[in-house]
$ cat input-v4.pdb   # PDB, C-alpha atoms
ATOM      1  CA  MET A   1       0.000   0.000   0.000
ATOM      2  CA  SER A   2       2.913   2.356   0.714
ATOM      3  CA  HIS A   3       3.896   2.078  -2.978
ATOM      4  CA  TRP A   4       0.696   3.871  -3.946
ATOM      5  CA  ILE A   5       0.065   6.103  -0.914
ATOM      6  CA  ASP A   6       2.535   8.125   1.121
ATOM      7  CA  PRO A   7       2.686   6.794   4.745
ATOM      8  CA  ALA A   8       2.382  10.377   5.971
ATOM      9  CA  ILE A   9      -0.938  10.664   4.110
ATOM     10  CA  LEU A  10      -2.133   7.387   5.628
ATOM     11  CA  ALA A  11      -1.218   8.645   9.098
ATOM     12  CA  LEU A  12      -3.608  11.548   8.554
ATOM     13  CA  PHE A  13      -6.239   9.672   6.530
ATOM     14  CA  ILE A  14      -6.950   6.879   9.056
ATOM     15  CA  PRO A  15      -7.738   9.039  12.127
ATOM     16  CA  THR A  16      -9.674  11.526   9.985
ATOM     17  CA  PHE A  17     -12.040   8.916   8.580
ATOM     18  CA  PHE A  18     -12.261   7.061  11.879
ATOM     19  CA  PHE A  19     -13.522  10.280  13.484
ATOM     20  CA  VAL A  20     -16.031  10.786  10.642
ATOM     21  CA  SER A  21     -17.291   7.189  10.918
ATOM     22  CA  VAL A  22     -17.457   6.878  14.704
ATOM     23  CA  THR A  23     -19.354  10.159  15.141
ATOM     24  CA  PRO A  24     -23.029   9.327  15.790
ATOM     25  CA  GLY A  25     -25.009   9.500  12.564
ATOM     26  CA  MET A  26     -27.840   7.770  10.741
ATOM     27  CA  CYS A  27     -25.950   4.584   9.910
ATOM     28  CA  MET A  28     -24.430   4.210  13.368
ATOM     29  CA  THR A  29     -27.764   4.859  15.074
ATOM     30  CA  LEU A  30     -29.364   2.279  12.789
ATOM     31  CA  ALA A  31     -26.649  -0.248  13.688
ATOM     32  CA  MET A  32     -27.224   0.349  17.401
ATOM     33  CA  THR A  33     -30.997   0.034  16.984
ATOM     34  CA  LEU A  34     -30.776  -3.244  15.070
ATOM     35  CA  GLY A  35     -28.102  -4.536  17.436
ATOM     36  CA  MET A  36     -30.578  -3.992  20.224
ATOM     37  CA  SER A  37     -33.632  -5.441  18.486
ATOM     38  CA  LEU A  38     -32.088  -8.183  16.335
ATOM     39  CA  GLY A  39     -28.628  -8.821  17.757
ATOM     40  CA  VAL A  40     -25.214  -8.263  16.192
ATOM     41  CA  ARG A  41     -25.280 -11.364  13.964
ATOM     42  CA  ARG A  42     -28.476 -10.365  12.133
ATOM     43  CA  THR A  43     -27.353  -6.740  11.986
ATOM     44  CA  LEU A  44     -24.426  -7.890   9.825
ATOM     45  CA  HIS A  45     -26.899  -8.132   6.920
ATOM     46  CA  MET A  46     -27.660  -4.424   7.237
ATOM     47  CA  MET A  47     -23.944  -3.711   7.509
ATOM     48  CA  TRP A  48     -22.937  -5.262   4.192
ATOM     49  CA  GLY A  49     -25.655  -3.299   2.417
ATOM     50  CA  GLU A  50     -24.488  -0.113   4.130
ATOM     51  CA  LEU A  51     -20.869  -0.833   3.214
ATOM     52  CA  ILE A  52     -21.796  -1.262  -0.470
ATOM     53  CA  GLY A  53     -23.495   2.128  -0.299
ATOM     54  CA  VAL A  54     -20.517   3.772   1.416
ATOM     55  CA  GLY A  55     -18.115   2.229  -1.099
ATOM     56  CA  LEU A  56     -20.219   3.510  -3.998
ATOM     57  CA  VAL A  57     -20.400   7.000  -2.520
ATOM     58  CA  SER A  58     -16.622   6.972  -1.954
ATOM     59  CA  VAL A  59     -15.757   5.978  -5.521
ATOM     60  CA  LEU A  60     -18.218   8.412  -7.100
ATOM     61  CA  SER A  61     -16.904  11.196  -4.882
ATOM     62  CA  VAL A  62     -13.415  10.725  -6.288
ATOM     63  CA  VAL A  63     -14.478  10.588  -9.929
ATOM     64  CA  GLY A  64     -16.554  13.733  -9.519
ATOM     65  CA  VAL A  65     -20.057  12.357 -10.049
ATOM     66  CA  ALA A  66     -21.007  13.251  -6.482
ATOM     67  CA  ALA A  67     -20.324  16.930  -7.124
ATOM     68  CA  VAL A  68     -22.877  16.868  -9.939
ATOM     69  CA  MET A  69     -25.421  14.996  -7.815
ATOM     70  CA  LEU A  70     -25.057  17.433  -4.932
ATOM     71  CA  ASN A  71     -26.010  20.254  -7.288
ATOM     72  CA  TYR A  72     -29.297  18.496  -8.050
ATOM     73  CA  PRO A  73     -30.828  17.611  -4.651
ATOM     74  CA  ALA A  74     -33.975  16.328  -6.390
ATOM     75  CA  LEU A  75     -32.027  13.175  -7.275
ATOM     76  CA  PHE A  76     -31.963  12.300  -3.587
ATOM     77  CA  SER A  77     -35.646  12.942  -2.937
ATOM     78  CA  ALA A  78     -37.002   9.497  -3.817
ATOM     79  CA  PHE A  79     -34.364   7.726  -1.738
ATOM     80  CA  LYS A  80     -34.707  10.149   1.166
ATOM     81  CA  TYR A  81     -38.473  10.226   1.528
ATOM     82  CA  VAL A  82     -39.254   6.605   0.680
ATOM     83  CA  GLY A  83     -36.379   5.318   2.802
ATOM     84  CA  GLY A  84     -37.226   7.656   5.662
ATOM     85  CA  ALA A  85     -40.920   6.745   5.581
ATOM     86  CA  TYR A  86     -40.052   3.046   5.682
ATOM     87  CA  LEU A  87     -37.828   3.500   8.739
ATOM     88  CA  VAL A  88     -40.495   5.613  10.457
ATOM     89  CA  TRP A  89     -43.035   2.856   9.810
ATOM     90  CA  LEU A  90     -40.662   0.282  11.299
ATOM     91  CA  GLY A  91     -40.097   2.538  14.304
ATOM     92  CA  ILE A  92     -43.830   2.881  14.932
ATOM     93  CA  GLN A  93     -44.248  -0.894  14.732
ATOM     94  CA  MET A  94     -41.373  -1.463  17.145
ATOM     95  CA  TRP A  95     -42.775   1.146  19.549
ATOM     96  CA  GLN A  96     -46.052  -0.793  19.517
ATOM     97  CA  ALA A  97     -44.186  -4.129  19.939
ATOM     98  CA  LYS A  98     -45.452  -5.225  16.518
ATOM     99  CA  GLY A  99     -43.743  -6.384  13.341
ATOM    100  CA  LYS A 100     -40.775  -8.610  12.601
ATOM    101  CA  MET A 101     -38.218  -6.261  14.146
ATOM    102  CA  ALA A 102     -39.915  -5.843  17.500
ATOM    103  CA  ILE A 103     -38.214  -7.538  20.437
ATOM    104  CA  PRO A 104     -40.388 -10.538  21.397
ATOM    105  CA  ALA A 105     -41.695 -11.066  24.920
ATOM    106  CA  ASP A 106     -39.754 -14.331  24.868
ATOM    107  CA  LEU A 107     -36.208 -13.040  24.430
ATOM    108  CA  SER A 108     -35.021 -16.508  23.425
ATOM    109  CA  ALA A 109     -37.247 -16.410  20.336
ATOM    110  CA  GLY A 110     -35.576 -15.266  17.127
ATOM    111  CA  GLN A 111     -37.197 -12.628  14.950
ATOM    112  CA  GLN A 112     -37.853 -13.558  11.333
ATOM    113  CA  THR A 113     -36.101 -10.889   9.298
ATOM    114  CA  LYS A 114     -35.118 -11.121   5.653
ATOM    115  CA  PRO A 115     -31.371 -10.577   5.100
ATOM    116  CA  LEU A 116     -31.947  -8.830   1.757
ATOM    117  CA  GLY A 117     -34.407  -6.397   3.337
ATOM    118  CA  LEU A 118     -31.902  -5.494   6.033
ATOM    119  CA  ALA A 119     -29.149  -5.062   3.433
ATOM    120  CA  LEU A 120     -31.383  -2.780   1.357
ATOM    121  CA  GLN A 121     -32.168  -0.790   4.479
ATOM    122  CA  GLY A 122     -28.456  -0.223   5.069
ATOM    123  CA  PHE A 123     -27.777   0.597   1.411
ATOM    124  CA  VAL A 124     -30.550   3.192   1.162
ATOM    125  CA  THR A 125     -29.515   4.813   4.441
ATOM    126  CA  ALA A 126     -25.922   5.172   3.188
ATOM    127  CA  ILE A 127     -26.667   6.251  -0.381
ATOM    128  CA  ALA A 128     -29.467   8.720   0.409
ATOM    129  CA  ASN A 129     -27.533  10.732   2.977
ATOM    130  CA  PRO A 130     -26.455  14.059   1.390
ATOM    131  CA  LYS A 131     -24.179  14.753   4.357
ATOM    132  CA  GLY A 132     -22.334  11.506   3.631
ATOM    133  CA  TRP A 133     -21.783  12.619   0.039
ATOM    134  CA  ALA A 134     -20.617  16.044   1.223
ATOM    135  CA  PHE A 135     -18.097  14.480   3.605
ATOM    136  CA  MET A 136     -16.676  12.242   0.900
ATOM    137  CA  VAL A 137     -16.536  15.026  -1.693
ATOM    138  CA  SER A 138     -14.686  17.350   0.674
ATOM    139  CA  LEU A 139     -12.425  14.857   2.477
ATOM    140  CA  LEU A 140     -11.515  12.059   0.067
ATOM    141  CA  PRO A 141     -10.178  13.758  -3.111
ATOM    142  CA  PRO A 142      -7.442  15.721  -1.251
ATOM    143  CA  PHE A 143      -5.834  12.405  -0.275
ATOM    144  CA  ILE A 144      -5.453  11.380  -3.940
ATOM    145  CA  ASN A 145      -2.041  12.049  -5.488
ATOM    146  CA  ALA A 146      -2.462  12.938  -9.177
ATOM    147  CA  ALA A 147       1.173  11.972  -9.843
ATOM    148  CA  LYS A 148       0.527   8.327  -8.947
ATOM    149  CA  PRO A 149      -1.780   5.700 -10.523
ATOM    150  CA  MET A 150      -5.365   6.562  -9.661
ATOM    151  CA  ALA A 151      -6.987   3.106  -9.484
ATOM    152  CA  PRO A 152      -4.651   1.579  -6.837
ATOM    153  CA  GLN A 153      -4.995   4.690  -4.667
ATOM    154  CA  ILE A 154      -8.787   4.676  -4.856
ATOM    155  CA  GLY A 155      -8.873   0.930  -4.168
ATOM    156  CA  ALA A 156      -6.604   1.248  -1.131
ATOM    157  CA  LEU A 157      -8.392   4.265   0.361
ATOM    158  CA  VAL A 158     -11.889   2.857  -0.179
ATOM    159  CA  THR A 159     -10.777  -0.433   1.400
ATOM    160  CA  LEU A 160      -9.543   1.472   4.441
ATOM    161  CA  ILE A 161     -12.805   3.433   4.617
ATOM    162  CA  LEU A 162     -14.851   0.220   4.557
ATOM    163  CA  VAL A 163     -12.698  -1.420   7.248
ATOM    164  CA  ILE A 164     -13.043   1.657   9.472
ATOM    165  CA  GLU A 165     -16.793   1.903   8.798
ATOM    166  CA  PHE A 166     -17.352  -1.788   9.515
ATOM    167  CA  SER A 167     -15.427  -1.537  12.794
ATOM    168  CA  CYS A 168     -17.566   1.406  13.911
ATOM    169  CA  LEU A 169     -20.805  -0.340  12.885
ATOM    170  CA  LEU A 170     -19.793  -3.366  14.957
ATOM    171  CA  LEU A 171     -19.018  -1.090  17.890
ATOM    172  CA  TYR A 172     -22.465   0.517  17.781
ATOM    173  CA  ALA A 173     -24.299  -2.780  17.186
ATOM    174  CA  SER A 174     -22.474  -4.311  20.139
ATOM    175  CA  GLY A 175     -23.498  -1.310  22.239
ATOM    176  CA  GLY A 176     -27.128  -1.933  21.294
ATOM    177  CA  ARG A 177     -26.814  -5.597  22.231
ATOM    178  CA  THR A 178     -25.280  -4.653  25.595
ATOM    179  CA  LEU A 179     -28.159  -2.263  26.250
ATOM    180  CA  ARG A 180     -30.610  -5.036  25.420
ATOM    181  CA  HIS A 181     -28.952  -7.407  27.877
ATOM    182  CA  PHE A 182     -28.930  -4.726  30.563
ATOM    183  CA  LEU A 183     -32.641  -4.000  30.151
ATOM    184  CA  ALA A 184     -33.490  -7.696  29.835
ATOM    185  CA  LYS A 185     -32.448  -8.216  33.444
ATOM    186  CA  SER A 186     -35.540  -6.342  34.521
ATOM    187  CA  GLY A 187     -37.675  -8.139  31.941
ATOM    188  CA  ASN A 188     -38.848  -4.803  30.569
ATOM    189  CA  VAL A 189     -39.364  -5.767  26.918
ATOM    190  CA  THR A 190     -41.841  -2.913  26.405
ATOM    191  CA  LEU A 191     -39.183  -0.363  27.347
ATOM    192  CA  MET A 192     -36.667  -2.022  25.002
ATOM    193  CA  ASN A 193     -39.109  -1.890  22.093
ATOM    194  CA  ARG A 194     -39.891   1.769  22.784
ATOM    195  CA  ILE A 195     -36.227   2.752  22.950
ATOM    196  CA  ALA A 196     -35.429   0.833  19.745
ATOM    197  CA  GLY A 197     -38.576   2.183  18.061
ATOM    198  CA  SER A 198     -37.762   5.758  19.054
ATOM    199  CA  LEU A 199     -34.243   5.416  17.652
ATOM    200  CA  MET A 200     -35.623   4.002  14.408
ATOM    201  CA  LEU A 201     -38.116   6.866  14.172
ATOM    202  CA  PHE A 202     -35.259   9.312  14.735
ATOM    203  CA  VAL A 203     -33.201   7.781  11.932
ATOM    204  CA  GLY A 204     -36.194   7.787   9.575
ATOM    205  CA  VAL A 205     -37.005  11.465  10.188
ATOM    206  CA  TRP A 206     -33.309  12.348   9.940
ATOM    207  CA  LEU A 207     -33.010  10.505   6.632
ATOM    208  CA  ALA A 208     -36.107  12.157   5.154
ATOM    209  CA  PHE A 209     -35.535  15.705   6.320
ATOM    210  CA  GLY A 210     -31.815  15.889   7.221
TER     211      GLY A 210
END

$ encode --input "input-v4.pdb" --output "structure tokens"
Amino acid sequence: MSHWIDPAILALFIPTFFFVSVTPGMCMTLAMTLGMSLGVRRTLHMMWGELIGVGLVSVLSVVGVAAVMLNYPALFSAFKYVGGAYLVWLGIQMWQAKGKMAIPADLSAGQQTKPLGLALQGFVTAIANPKGWAFMVSLLPPFINAAKPMAPQIGALVTLILVIEFSCLLLYASGGRTLRHFLAKSGNVTLMNRIAGSLMLFVGVWLAFG
């Protein structure tokens, strides 16, 4: 990797993007919510969809397509409002202890969730976030050295971004699982569903109107 990217650039790139990823946002809040309601293992399905979205945003940011898309916010509208409305609907169901994502009264029972649906949820949340595009447009291109081959640099930097993002998603999902275990000691499943539902509602509104 050092053949394509200056180690000094890497030393700045890694902490910069770790800070961007670990800062609470839509994707991290979603990971924590699903970690709480579904567990870390099932949340992995959402994560790979989110990582595909982040990777796509990263690559398009470098090649300049993102700059064009940011000038036409209408392109985001369908993703934002449909995706946000879906998450709000899920949040309302969870708040009412209904639906496939609600935490069951019997905590040993597994919820029936479709992996592809979770992956799509993660993808839409990542791709329809204008702030995510803005971050990538402003932060990623400056780390590209025009004097060196472009493709290896993009591949290496995007790989690092995905590793950092995945680590942060796991951290938040694990935090949600820990919160679930803590609340489960009191047997208060209703409170767990309302916390998870409220977080999901928050993410949905944020996605639609953020």

$ closest_residue --input "input-v4.pdb" --among "A:Ala126, A:Val59, A:Met192, A:Leu157" --to "Cys27 (chain A)" --atoms "all atoms listed in the file"
A:Ala126

$ residues_around --input "input-v4.pdb" --residues "Gly197 (chain A)" --least-positions-apart "5" --cutoff "12 Å" --atoms "all atoms listed in the file" --output "PyMOL selection string"
chain A and resi 29-30+32-34+36-37+87-99+101-103+189-192+202-204

$ atom_distance --input "input-v4.pdb" --atom1 "CA of Met26 (chain A)" --atom2 "CA of Gly175 (chain A)"
15.3 Å

$ closest_residue --input "input-v4.pdb" --among "A:Ala31, A:Leu201, A:Ile195, A:Ile14" --to "Glu50 (chain A)" --atoms "all atoms listed in the file"
A:Ala31

$ residues_around --input "input-v4.pdb" --residues "Glu165 (chain A)" --least-positions-apart "6" --cutoff "8 Å" --atoms "only C-alpha atoms" --output "JSON, numbers by chain"
{"A": [18, 21, 22, 51]}

$ closest_residue --input "input-v4.pdb" --among "A:Gly117, A:Pro142, A:Pro149, A:Gly84" --to "Arg42 (chain A)" --atoms "only C-alpha atoms"
A:Gly117

$ resolve_selection --input "input-v4.pdb" --expression "the PyMOL selection byres ((chain A and resi 162) around 12)" --output "ChimeraX atom specification"
/A:14,17-18,21,47-59,155-161,163-169

$ atom_distance --input "input-v4.pdb" --atom1 "CA of Pro24 (chain A)" --atom2 "CA of Leu171 (chain A)"
11.4 Å

$ atom_distance --input "input-v4.pdb" --atom1 "CA of Tyr86 (chain A)" --atom2 "CA of Lys114 (chain A)"
15.0 Å

$ closest_residue --input "input-v4.pdb" --among "A:His181, A:Lys148, A:Arg41, A:Lys131" --to "Trp206 (chain A)" --atoms "only C-alpha atoms"
A:Lys131

$ closest_residue --input "input-v4.pdb" --among "A:Thr113, A:Ser198, A:Asn145, A:Thr178" --to "Val40 (chain A)" --atoms "all atoms listed in the file"
A:Thr178

$ axis_aligned_box --input "input-v4.pdb" --around "region 157-169 of chain A" --padding-each-side "5 Å" --output "lines of an AutoDock Vina configuration file"
center_x = -14.6
center_y = 1.2
center_z = 6.9
size_x = 22.4
size_y = 16.1
size_z = 24.1

$ closest_residue --input "input-v4.pdb" --among "A:Pro15, A:Trp133, A:Thr125, A:Leu38" --to "Asn193 (chain A)" --atoms "all atoms listed in the file"
A:Leu38

$ resolve_selection --input "input-v4.pdb" --expression "the PyMOL selection byres ((chain A and resi 137-141) around 7)" --output "PDB file with C-alpha atoms, in the frame of the given file"
ATOM      1  CA  SER A  61     -16.904  11.196  -4.882  1.00  0.00           C
ATOM      2  CA  VAL A  62     -13.415  10.725  -6.288  1.00  0.00           C
ATOM      3  CA  ALA A  66     -21.007  13.251  -6.482  1.00  0.00           C
ATOM      4  CA  ALA A  67     -20.324  16.930  -7.124  1.00  0.00           C
ATOM      5  CA  TRP A 133     -21.783  12.619   0.039  1.00  0.00           C
ATOM      6  CA  ALA A 134     -20.617  16.044   1.223  1.00  0.00           C
ATOM      7  CA  PHE A 135     -18.097  14.480   3.605  1.00  0.00           C
ATOM      8  CA  MET A 136     -16.676  12.242   0.900  1.00  0.00           C
ATOM      9  CA  PRO A 142      -7.442  15.721  -1.251  1.00  0.00           C
ATOM     10  CA  PHE A 143      -5.834  12.405  -0.275  1.00  0.00           C
ATOM     11  CA  ILE A 144      -5.453  11.380  -3.940  1.00  0.00           C
TER      12      ILE A 144
END
